[in-house]
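Peer 1: Please see the structure below; I have some questions.
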Amino acid sequence: MSMTGHSRMDAPNREKIVTNAAWANAQPTLSVLTPFLRDDPTPLIAALGKNPTGAEIVILDDGTNDDALADKVAKAVEACPAPACFIRSYDNLGRSKGRNRLITTARAKHVLFLDADMLPDD
């Protein structure tokens with residue numbers, strides 16, 4: 001998989017992080033945080049990325065261990081015009097630790113948690 005942004009594997013945490021080209025220099029005012037387990041968050045990534053408005057998108061795969069889905073999500077993050085980050089955890093962290101993991105990556109003062117199967121209204 002080619003990475004246009006940043007990718008790394010943290011052995012102790014058993015996770016991989018993929019960011020897009022817009023991530024590095026962004027100064028977001030809102031972090032949209034979305035954990036998922038088996039749900040496909042790519043429609044949400046596409047919808048949120050249509051009109052970048054100062055928000056960043058942070059997605060966490062909480063141990064799904066589905067390589068095809070992870071590749072699909074990584075490609076959606078790379079293609080997203082808004083600053084986006086995908087954290088793939090190879091272990092299931094659970095609801096609380098997963099949300100806390102998202103918070104540690106968020107860079108904005110304000111956060112919004114969305115479920116992966118949600119979509120904004122037109």
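Chains: A, B, ... in order of the structure tokens. Residues: from 1 per chain. Ligands: from 1, in order shown.
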DSSP on the backbone: which residues in region 50-92 of chain A end up as alpha helix (DSSP H)? Give the answer as a ChimeraX atom specification.

Peer 2: /A:67-79

Peer 1: Could you give me, as an MDAnalysis selection string, the residues within 8 Å of region 24-34 of chain A, counting only C-alpha atoms and dropping anything in the same chain fewer than 4 positions from it?

Peer 2: chainID A and resid 5 20 54:60 83 102:103 106:116

Peer 1: Could you save those same residues with C-alpha atoms as a PDB file, in the first residue's frame?

Peer 2:
```pdb
ATOM      1  CA  GLY A   5       1.263  10.934   4.137  1.00  0.00           C
ATOM      2  CA  ASN A  20      -2.889  11.961   4.493  1.00  0.00           C
ATOM      3  CA  GLY A  54     -11.167  23.314   9.607  1.00  0.00           C
ATOM      4  CA  ALA A  55     -12.047  19.905  11.021  1.00  0.00           C
ATOM      5  CA  GLU A  56      -9.758  16.909  11.084  1.00  0.00           C
ATOM      6  CA  ILE A  57     -10.939  13.304  10.883  1.00  0.00           C
ATOM      7  CA  VAL A  58      -9.446  10.597  13.106  1.00  0.00           C
ATOM      8  CA  ILE A  59     -10.570   7.003  12.530  1.00  0.00           C
ATOM      9  CA  LEU A  60      -9.745   4.041  14.807  1.00  0.00           C
ATOM     10  CA  PRO A  83      -6.802  16.361   7.267  1.00  0.00           C
ATOM     11  CA  LEU A 102      -8.642   8.795  19.666  1.00  0.00           C
ATOM     12  CA  ILE A 103      -8.423  11.690  22.149  1.00  0.00           C
ATOM     13  CA  ALA A 106      -6.917  14.712  18.354  1.00  0.00           C
ATOM     14  CA  ARG A 107      -5.246  18.087  17.933  1.00  0.00           C
ATOM     15  CA  ALA A 108      -8.229  20.429  18.126  1.00  0.00           C
ATOM     16  CA  LYS A 109      -9.599  22.021  21.273  1.00  0.00           C
ATOM     17  CA  HIS A 110     -13.054  20.592  20.532  1.00  0.00           C
ATOM     18  CA  VAL A 111     -13.945  16.995  19.656  1.00  0.00           C
ATOM     19  CA  LEU A 112     -16.983  15.300  18.173  1.00  0.00           C
ATOM     20  CA  PHE A 113     -17.465  11.545  18.401  1.00  0.00           C
ATOM     21  CA  LEU A 114     -19.385   9.972  15.521  1.00  0.00           C
ATOM     22  CA  ASP A 115     -20.274   6.342  14.952  1.00  0.00           C
ATOM     23  CA  ALA A 116     -18.832   4.794  11.807  1.00  0.00           C
TER      24      ALA A 116
END
```

Peer 1: Find the residues near Thr64 (chain A): any atom within 10 Å, counting only C-alpha atoms, skip ones fewer than 5 places away on the same chain, and give them as an MDAnalysis selection string.

Peer 2: chainID A and resid 36:39 69:70 88:92

Peer 1: Expressed in Å to a single decimal, how great is the separation between CA of Leu44 (chain A) and CA of Arg14 (chain A)?

Peer 2: 25.1 Å

Peer 1: Rank nothing, just name the residue among A:Pro41, A:Gly94, A:Pro35, A:Pro52 nearest to Asp71 (chain A), using only C-alpha atoms.

Peer 2: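 Residue with the minimum atom-to-atom distance to Asp71 (chain A): A:Pro41.
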
Peer 1: Excluding Lys50 (chain A) and residues on its chain fewer than 2 positions from it, collect all residues at most 8 Å away from it, counting only C-alpha atoms, and give them as number ranges by chain.

Peer 2: A: 46-48, 52, 80-82

Peer 1: Based on the selection just made, write N, CA and C atoms of those residues as a PDB file, in the first residue's frame.

Peer 2:
```
ATOM      1  N   ALA A  46     -15.738   9.976   3.286  1.00  0.00           N
ATOM      2  CA  ALA A  46     -16.014  10.675   2.027  1.00  0.00           C
ATOM      3  C   ALA A  46     -16.953  11.861   2.247  1.00  0.00           C
ATOM      4  N   ALA A  47     -17.987  11.667   3.048  1.00  0.00           N
ATOM      5  CA  ALA A  47     -18.953  12.746   3.294  1.00  0.00           C
ATOM      6  C   ALA A  47     -18.316  13.901   4.063  1.00  0.00           C
ATOM      7  N   LEU A  48     -17.531  13.594   5.079  1.00  0.00           N
ATOM      8  CA  LEU A  48     -16.892  14.645   5.879  1.00  0.00           C
ATOM      9  C   LEU A  48     -15.801  15.365   5.090  1.00  0.00           C
ATOM     10  N   PRO A  52     -13.922  20.489   3.292  1.00  0.00           N
ATOM     11  CA  PRO A  52     -13.075  20.699   4.462  1.00  0.00           C
ATOM     12  C   PRO A  52     -13.328  22.069   5.090  1.00  0.00           C
ATOM     13  N   CYS A  80      -8.787  11.689   1.075  1.00  0.00           N
ATOM     14  CA  CYS A  80      -9.639  12.706   1.704  1.00  0.00           C
ATOM     15  C   CYS A  80      -8.983  14.087   1.609  1.00  0.00           C
ATOM     16  N   PRO A  81      -9.738  15.114   1.145  1.00  0.00           N
ATOM     17  CA  PRO A  81      -9.182  16.466   1.078  1.00  0.00           C
ATOM     18  C   PRO A  81      -8.967  17.091   2.459  1.00  0.00           C
ATOM     19  N   ALA A  82      -9.738  16.663   3.452  1.00  0.00           N
ATOM     20  CA  ALA A  82      -9.598  17.177   4.817  1.00  0.00           C
ATOM     21  C   ALA A  82      -8.456  16.437   5.510  1.00  0.00           C
TER      22      ALA A  82
END
```

Peer 1: Looking at only C-alpha atoms, which of A:Ala84, A:Asp117, A:Thr104, A:Gly98 is the one that sits closest to Val18 (chain A)?

Peer 2: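 Ranked by minimum distance to Val18 (chain A), first place goes to A:Ala84.
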
Peer 1: DSSP says strand (DSSP E or B) for which residues of chain A? Put them as a ChimeraX atom specification?

Peer 2: /A:6-10,15-19,30-36,55-62,84-89,110-113
